[in-house]
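What follows is a set of notes on a single structure, which appears directly below.
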Amino acid sequence: AKVVGEAARGIGFFILVNTGIDEELMNDSLRLTREIHSDPNVRFPLAFSAESLIGFQRMGMSSAARAFNRLNTGEPKVDHIQSFMVGPDDEERCKRLARPSMAGVWPEGTQAARAFREKSIEYAREMEALSLDVRALLALSAGLDRRTFITPVKECAGLFRYSFYPPVGEAEDPCAGKPGFAHLAGHTDLGSCTLLIVDRPGLEIVKDGEWRAPPLVQGGVYVNC
């Protein structure tokens with residue numbers, strides 16, 4: 001807890017390993033994410049909106065990175081990202097939270113799309129359970145009762161987002177390949193903490209006023225708090 005506290009207060013970022021999340025489930029989810037975003041036969045019935053906060057977000061749509069940007073990095077504020085936002089799959093829970101149901105939202109049309117739904121439900125549950133452990137760890141690192149950050153938001157479902165960064169050339173963005181280019185603009189995350197799964201280089205964080213790439217840890221969960 002002491003090490004986590006130092007990292008959280010210092011740069012607001014640390015990496016968890018041996019989290020108990022099944023690595024095969026993690027890898028399958030990442031693989032299926034790439035497949036559904038790359039296959040033109042996959043259909044996305046519902047587009048993401050500020051009202052629903054779930055569904056498919058097409059590349060070029062308004063995003064949190066632009067809307068809530070807090071860092072004056074000088075980089076282009078154009079995002080090249082597609083994503084799929086997953087909400088609670090439990091109908092009763094959706095009613096309690098006054099959140100839209102995932103019914104009619106999941107991608108369709110291919111076997112990969114069907115498998116994506118099954119894996120996503122399981123994966124989201126595991127990540128939500130891990131988020132409770134992370135909140136407890138953050139509380140302990142601050143010398144507080146472990147339930148401090150859990151009890152007030154116990155029934156609040158977080159946002160579970162699959163992000164896909166397609167290749168970008170000069171036809172899509174004249175800044176592609178040039179210094180300062182980024183698929184996703186520099187930003188400050190929403191919420192108390194963000195849990196990230198990273199399977200390839202690209203993620204960067206600000207430390208001592210400079211953008212730096214954290215080490216790529218297989219099976220690691222990156223926490224931004």
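Residue numbering restarts at 1 in every chain; chains get A, B, ... in the order shown in the structure tokens, and ligands count up from 1 in that same order.
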
Considering only C-alpha atoms, tabulate each residue of range 14-115 of chain A that lies at most 8 Å from range 163-171 of chain A along with its nearest interatomic pair and the corresponding distance in Å to one decimal; arrange the rows by chain and ascending residue number and present them as JSON lines.
{"residue": "A:Thr33", "atom": "CA", "partner": "A:Phe164", "partner_atom": "CA", "distance": 7.1}
{"residue": "A:Arg34", "atom": "CA", "partner": "A:Phe164", "partner_atom": "CA", "distance": 6.6}
{"residue": "A:His37", "atom": "CA", "partner": "A:Phe164", "partner_atom": "CA", "distance": 7.0}
{"residue": "A:His80", "atom": "CA", "partner": "A:Tyr165", "partner_atom": "CA", "distance": 6.5}
{"residue": "A:Ile81", "atom": "CA", "partner": "A:Tyr165", "partner_atom": "CA", "distance": 4.8}
{"residue": "A:Gln82", "atom": "CA", "partner": "A:Phe164", "partner_atom": "CA", "distance": 5.1}
{"residue": "A:Ser83", "atom": "CA", "partner": "A:Ser163", "partner_atom": "CA", "distance": 4.3}
{"residue": "A:Phe84", "atom": "CA", "partner": "A:Ser163", "partner_atom": "CA", "distance": 6.7}

Considering only C-alpha atoms, tabulate each residue of range 118-187 of chain A that lies at most 12 Å from range 13-24 of chain A along with its nearest interatomic pair and the corresponding distance in Å to one decimal; arrange the rows by chain and ascending residue number and present them as CSV.
residue,atom,partner,partner_atom,distance
A:Lys119,CA,A:Glu24,CA,10.4
A:Glu122,CA,A:Asp22,CA,10.3
A:Tyr123,CA,A:Ile21,CA,8.4
A:Ala124,CA,A:Ile21,CA,10.7
A:Arg125,CA,A:Ile21,CA,10.2
A:Glu126,CA,A:Ile21,CA,6.6
A:Met127,CA,A:Ile21,CA,7.8
A:Glu128,CA,A:Ile21,CA,10.9
A:Ala129,CA,A:Ile21,CA,9.7
A:Leu130,CA,A:Thr19,CA,7.5
A:Ser131,CA,A:Thr19,CA,10.6
A:Asp133,CA,A:Thr19,CA,9.6
A:Val134,CA,A:Leu16,CA,9.3
A:Leu137,CA,A:Leu16,CA,11.1
A:Leu138,CA,A:Phe14,CA,11.2

Restricting the output to C-alpha atoms, write the selected residues as a CSV table (one decimal), in the first residue's frame.
chain,number,residue,atom,x,y,z
A,119,LYS,CA,-16.2,-12.9,-23.5
A,122,GLU,CA,-17.3,-12.3,-18.3
A,123,TYR,CA,-14.4,-9.9,-18.7
A,124,ALA,CA,-16.3,-6.8,-17.6
A,125,ARG,CA,-17.4,-8.7,-14.4
A,126,GLU,CA,-13.8,-9.6,-13.6
A,127,MET,CA,-12.6,-6.1,-14.2
A,128,GLU,CA,-15.3,-4.6,-12.1
A,129,ALA,CA,-14.3,-6.9,-9.2
A,130,LEU,CA,-10.7,-5.9,-9.7
A,131,SER,CA,-11.7,-2.2,-9.6
A,133,ASP,CA,-9.8,-4.2,-5.0
A,134,VAL,CA,-8.0,-1.2,-6.5
A,137,LEU,CA,-5.8,-0.5,-2.1
A,138,LEU,CA,-5.9,3.3,-2.8

Open item on the list: Just the number, please: distance in Å from CA of Val42 in chain A to CA of Ala112 in chain A, one decimal.
Closed with: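 Going from CA of Val42 in chain A over to CA of Ala112 in chain A covers 8.6 Å.
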
TODO: Name the residues of range 85-223 of chain A that come out as helix (DSSP H, G or I) in a backbone DSSP run; write them as an MDAnalysis selection string.
DONE: chainID A and resid 91:97 111:141 151:153

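Residues lying within 8 Å of Gly87 in chain A, counting only C-alpha atoms and ignoring same-chain neighbours fewer than 3 positions away, are Leu53, Ile54, Arg99, Pro100, Ser101, Met102, Ala157, Gly158, Leu159 and Phe160 of chain A.
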
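The space separating CA of Arg135 in chain A from CA of Cys225 in chain A comes to 9.8 Å.
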
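Those residues in range 65-207 of chain A carrying a DSSP assignment of strand (DSSP E or B), computed from the backbone, are Gln82, Ser83, Phe84, Met85, Val86, Glu108, Phe160, Arg161, Tyr162, Ser163, Phe164, Thr194, Leu195, Leu196, Ile205, Val206 and Lys207 of chain A.
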
Open item on the list: Can you tell me which residues surround Thr148 in chain A at a distance of at most 12 Å, considering only C-alpha atoms, apart from same-chain residues fewer than 2 positions away, and format the answer as a PyMOL selection string?
Closed with: chain A and resi 132-146+150-154

Please produce a file of those selected residues containing C-alpha atoms, as a PDB file, in the first residue's frame.
ATOM      1  CA  LEU A 132     -13.131  -2.755  -6.047  1.00  0.00           C
ATOM      2  CA  ASP A 133      -9.782  -4.180  -4.950  1.00  0.00           C
ATOM      3  CA  VAL A 134      -7.996  -1.193  -6.490  1.00  0.00           C
ATOM      4  CA  ARG A 135     -10.245   1.247  -4.627  1.00  0.00           C
ATOM      5  CA  ALA A 136      -9.532  -0.592  -1.386  1.00  0.00           C
ATOM      6  CA  LEU A 137      -5.802  -0.474  -2.103  1.00  0.00           C
ATOM      7  CA  LEU A 138      -5.929   3.265  -2.802  1.00  0.00           C
ATOM      8  CA  ALA A 139      -7.788   3.856   0.462  1.00  0.00           C
ATOM      9  CA  LEU A 140      -5.233   1.858   2.453  1.00  0.00           C
ATOM     10  CA  SER A 141      -2.394   3.734   0.745  1.00  0.00           C
ATOM     11  CA  ALA A 142      -3.910   6.966   2.075  1.00  0.00           C
ATOM     12  CA  GLY A 143      -4.259   5.581   5.594  1.00  0.00           C
ATOM     13  CA  LEU A 144      -8.043   5.239   5.306  1.00  0.00           C
ATOM     14  CA  ASP A 145     -10.444   2.380   5.916  1.00  0.00           C
ATOM     15  CA  ARG A 146     -10.370   0.029   2.923  1.00  0.00           C
ATOM     16  CA  ILE A 150     -16.146   1.461  -2.163  1.00  0.00           C
ATOM     17  CA  THR A 151     -19.207   2.057   0.008  1.00  0.00           C
ATOM     18  CA  PRO A 152     -20.327   5.371  -1.590  1.00  0.00           C
ATOM     19  CA  VAL A 153     -20.178   3.941  -5.136  1.00  0.00           C
ATOM     20  CA  LYS A 154     -20.880   0.253  -4.546  1.00  0.00           C
TER      21      LYS A 154
END

TODO: Would you please work out which residue, of A:Ala113, A:Ile121, A:Leu25, A:Ala47, is nearest to Asp89 in chain A when using only C-alpha atoms?
DONE: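 The answer is A:Ile121, which sits nearest to Asp89 in chain A.
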
Task: For Cys193 in chain A, the nearest of the candidates A:Ala8, A:Leu46, A:Ala115, A:Val223, counting only C-alpha atoms - done: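 With only C-alpha atoms as the atom set, the closest residue is A:Val223.
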
If we count only C-alpha atoms, what is near Gln218 in chain A at a cut-off of 10 Å, once residues fewer than 2 positions away on the same chain are taken out, given as a PDB file with all heavy atoms, in the first residue's frame?
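Wrote it out as selection.pdb, contents follow:
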ATOM      1  N   VAL A  17       0.272  -6.530 -11.276  1.00  0.00           N
ATOM      2  CA  VAL A  17       0.500  -7.849 -11.865  1.00  0.00           C
ATOM      3  C   VAL A  17      -0.095  -8.901 -10.934  1.00  0.00           C
ATOM      4  O   VAL A  17      -0.428  -8.612  -9.784  1.00  0.00           O
ATOM      5  CB  VAL A  17       2.006  -8.119 -12.091  1.00  0.00           C
ATOM      6  CG1 VAL A  17       2.575  -7.156 -13.118  1.00  0.00           C
ATOM      7  CG2 VAL A  17       2.778  -8.010 -10.777  1.00  0.00           C
ATOM      8  N   GLU A  23      -5.599 -14.802 -17.957  1.00  0.00           N
ATOM      9  CA  GLU A  23      -4.856 -14.195 -19.058  1.00  0.00           C
ATOM     10  C   GLU A  23      -5.402 -14.617 -20.414  1.00  0.00           C
ATOM     11  O   GLU A  23      -5.381 -13.843 -21.373  1.00  0.00           O
ATOM     12  CB  GLU A  23      -3.370 -14.558 -18.946  1.00  0.00           C
ATOM     13  CG  GLU A  23      -2.478 -13.689 -19.814  1.00  0.00           C
ATOM     14  CD  GLU A  23      -1.010 -13.797 -19.446  1.00  0.00           C
ATOM     15  OE1 GLU A  23      -0.701 -13.907 -18.243  1.00  0.00           O
ATOM     16  OE2 GLU A  23      -0.180 -13.772 -20.367  1.00  0.00           O
ATOM     17  N   ASN A  27      -6.546 -12.086 -23.326  1.00  0.00           N
ATOM     18  CA  ASN A  27      -6.017 -12.133 -24.691  1.00  0.00           C
ATOM     19  C   ASN A  27      -7.119 -12.366 -25.717  1.00  0.00           C
ATOM     20  O   ASN A  27      -7.110 -11.776 -26.807  1.00  0.00           O
ATOM     21  CB  ASN A  27      -4.955 -13.227 -24.802  1.00  0.00           C
ATOM     22  CG  ASN A  27      -3.699 -12.900 -24.022  1.00  0.00           C
ATOM     23  OD1 ASN A  27      -3.384 -11.734 -23.792  1.00  0.00           O
ATOM     24  ND2 ASN A  27      -2.970 -13.921 -23.592  1.00  0.00           N
ATOM     25  N   ILE A 197      -5.835  -2.164 -19.994  1.00  0.00           N
ATOM     26  CA  ILE A 197      -5.127  -3.351 -20.462  1.00  0.00           C
ATOM     27  C   ILE A 197      -4.417  -2.949 -21.750  1.00  0.00           C
ATOM     28  O   ILE A 197      -5.050  -2.504 -22.705  1.00  0.00           O
ATOM     29  CB  ILE A 197      -6.083  -4.524 -20.741  1.00  0.00           C
ATOM     30  CG1 ILE A 197      -6.950  -4.812 -19.512  1.00  0.00           C
ATOM     31  CG2 ILE A 197      -5.306  -5.751 -21.171  1.00  0.00           C
ATOM     32  CD1 ILE A 197      -6.180  -5.263 -18.297  1.00  0.00           C
ATOM     33  N   VAL A 198      -3.116  -3.097 -21.786  1.00  0.00           N
ATOM     34  CA  VAL A 198      -2.315  -2.647 -22.925  1.00  0.00           C
ATOM     35  C   VAL A 198      -1.587  -3.851 -23.516  1.00  0.00           C
ATOM     36  O   VAL A 198      -0.867  -4.550 -22.801  1.00  0.00           O
ATOM     37  CB  VAL A 198      -1.295  -1.576 -22.486  1.00  0.00           C
ATOM     38  CG1 VAL A 198      -0.483  -1.091 -23.674  1.00  0.00           C
ATOM     39  CG2 VAL A 198      -2.009  -0.408 -21.811  1.00  0.00           C
ATOM     40  N   ASP A 199      -1.778  -4.094 -24.828  1.00  0.00           N
ATOM     41  CA  ASP A 199      -1.142  -5.265 -25.434  1.00  0.00           C
ATOM     42  C   ASP A 199      -0.069  -4.912 -26.454  1.00  0.00           C
ATOM     43  O   ASP A 199       0.500  -5.795 -27.082  1.00  0.00           O
ATOM     44  CB  ASP A 199      -2.196  -6.172 -26.083  1.00  0.00           C
ATOM     45  CG  ASP A 199      -2.872  -5.524 -27.284  1.00  0.00           C
ATOM     46  OD1 ASP A 199      -2.862  -4.284 -27.366  1.00  0.00           O
ATOM     47  OD2 ASP A 199      -3.406  -6.267 -28.130  1.00  0.00           O
ATOM     48  N   ARG A 200       0.213  -3.605 -26.613  1.00  0.00           N
ATOM     49  CA  ARG A 200       1.258  -3.186 -27.543  1.00  0.00           C
ATOM     50  C   ARG A 200       1.689  -1.767 -27.200  1.00  0.00           C
ATOM     51  O   ARG A 200       0.964  -1.046 -26.502  1.00  0.00           O
ATOM     52  CB  ARG A 200       0.766  -3.275 -28.988  1.00  0.00           C
ATOM     53  CG  ARG A 200      -0.476  -2.463 -29.303  1.00  0.00           C
ATOM     54  CD  ARG A 200      -1.059  -2.870 -30.650  1.00  0.00           C
ATOM     55  NE  ARG A 200      -1.404  -4.281 -30.644  1.00  0.00           N
ATOM     56  CZ  ARG A 200      -1.680  -4.985 -31.741  1.00  0.00           C
ATOM     57  NH1 ARG A 200      -1.646  -4.414 -32.918  1.00  0.00           N
ATOM     58  NH2 ARG A 200      -2.005  -6.262 -31.663  1.00  0.00           N
ATOM     59  N   PRO A 215       6.639   0.706 -19.155  1.00  0.00           N
ATOM     60  CA  PRO A 215       7.028  -0.606 -19.683  1.00  0.00           C
ATOM     61  C   PRO A 215       5.809  -1.425 -20.078  1.00  0.00           C
ATOM     62  O   PRO A 215       4.739  -1.301 -19.472  1.00  0.00           O
ATOM     63  CB  PRO A 215       7.776  -1.249 -18.505  1.00  0.00           C
ATOM     64  CG  PRO A 215       7.270  -0.536 -17.293  1.00  0.00           C
ATOM     65  CD  PRO A 215       7.007   0.864 -17.733  1.00  0.00           C
ATOM     66  N   LEU A 216       5.966  -2.232 -21.114  1.00  0.00           N
ATOM     67  CA  LEU A 216       4.881  -3.099 -21.567  1.00  0.00           C
ATOM     68  C   LEU A 216       4.952  -4.396 -20.767  1.00  0.00           C
ATOM     69  O   LEU A 216       5.903  -5.170 -20.908  1.00  0.00           O
ATOM     70  CB  LEU A 216       5.021  -3.381 -23.064  1.00  0.00           C
ATOM     71  CG  LEU A 216       3.855  -4.107 -23.739  1.00  0.00           C
ATOM     72  CD1 LEU A 216       2.578  -3.288 -23.625  1.00  0.00           C
ATOM     73  CD2 LEU A 216       4.178  -4.376 -25.206  1.00  0.00           C
ATOM     74  N   GLY A 220      -0.340  -7.344 -17.358  1.00  0.00           N
ATOM     75  CA  GLY A 220      -0.426  -6.287 -16.359  1.00  0.00           C
ATOM     76  C   GLY A 220      -1.676  -5.439 -16.526  1.00  0.00           C
ATOM     77  O   GLY A 220      -2.222  -5.329 -17.623  1.00  0.00           O
ATOM     78  N   VAL A 221      -2.124  -4.851 -15.435  1.00  0.00           N
ATOM     79  CA  VAL A 221      -3.250  -3.917 -15.464  1.00  0.00           C
ATOM     80  C   VAL A 221      -2.716  -2.553 -15.046  1.00  0.00           C
ATOM     81  O   VAL A 221      -2.195  -2.389 -13.940  1.00  0.00           O
ATOM     82  CB  VAL A 221      -4.382  -4.367 -14.517  1.00  0.00           C
ATOM     83  CG1 VAL A 221      -5.503  -3.325 -14.503  1.00  0.00           C
ATOM     84  CG2 VAL A 221      -4.933  -5.723 -14.941  1.00  0.00           C
TER      85      VAL A 221
END

- [ ] Choose the residue, out of A:Gly202, A:Ile36, A:Trp211, A:Ala7, that has the smallest atom-to-atom separation from Arg114 in chain A; count only C-alpha atoms.
- [x] A:Ile36
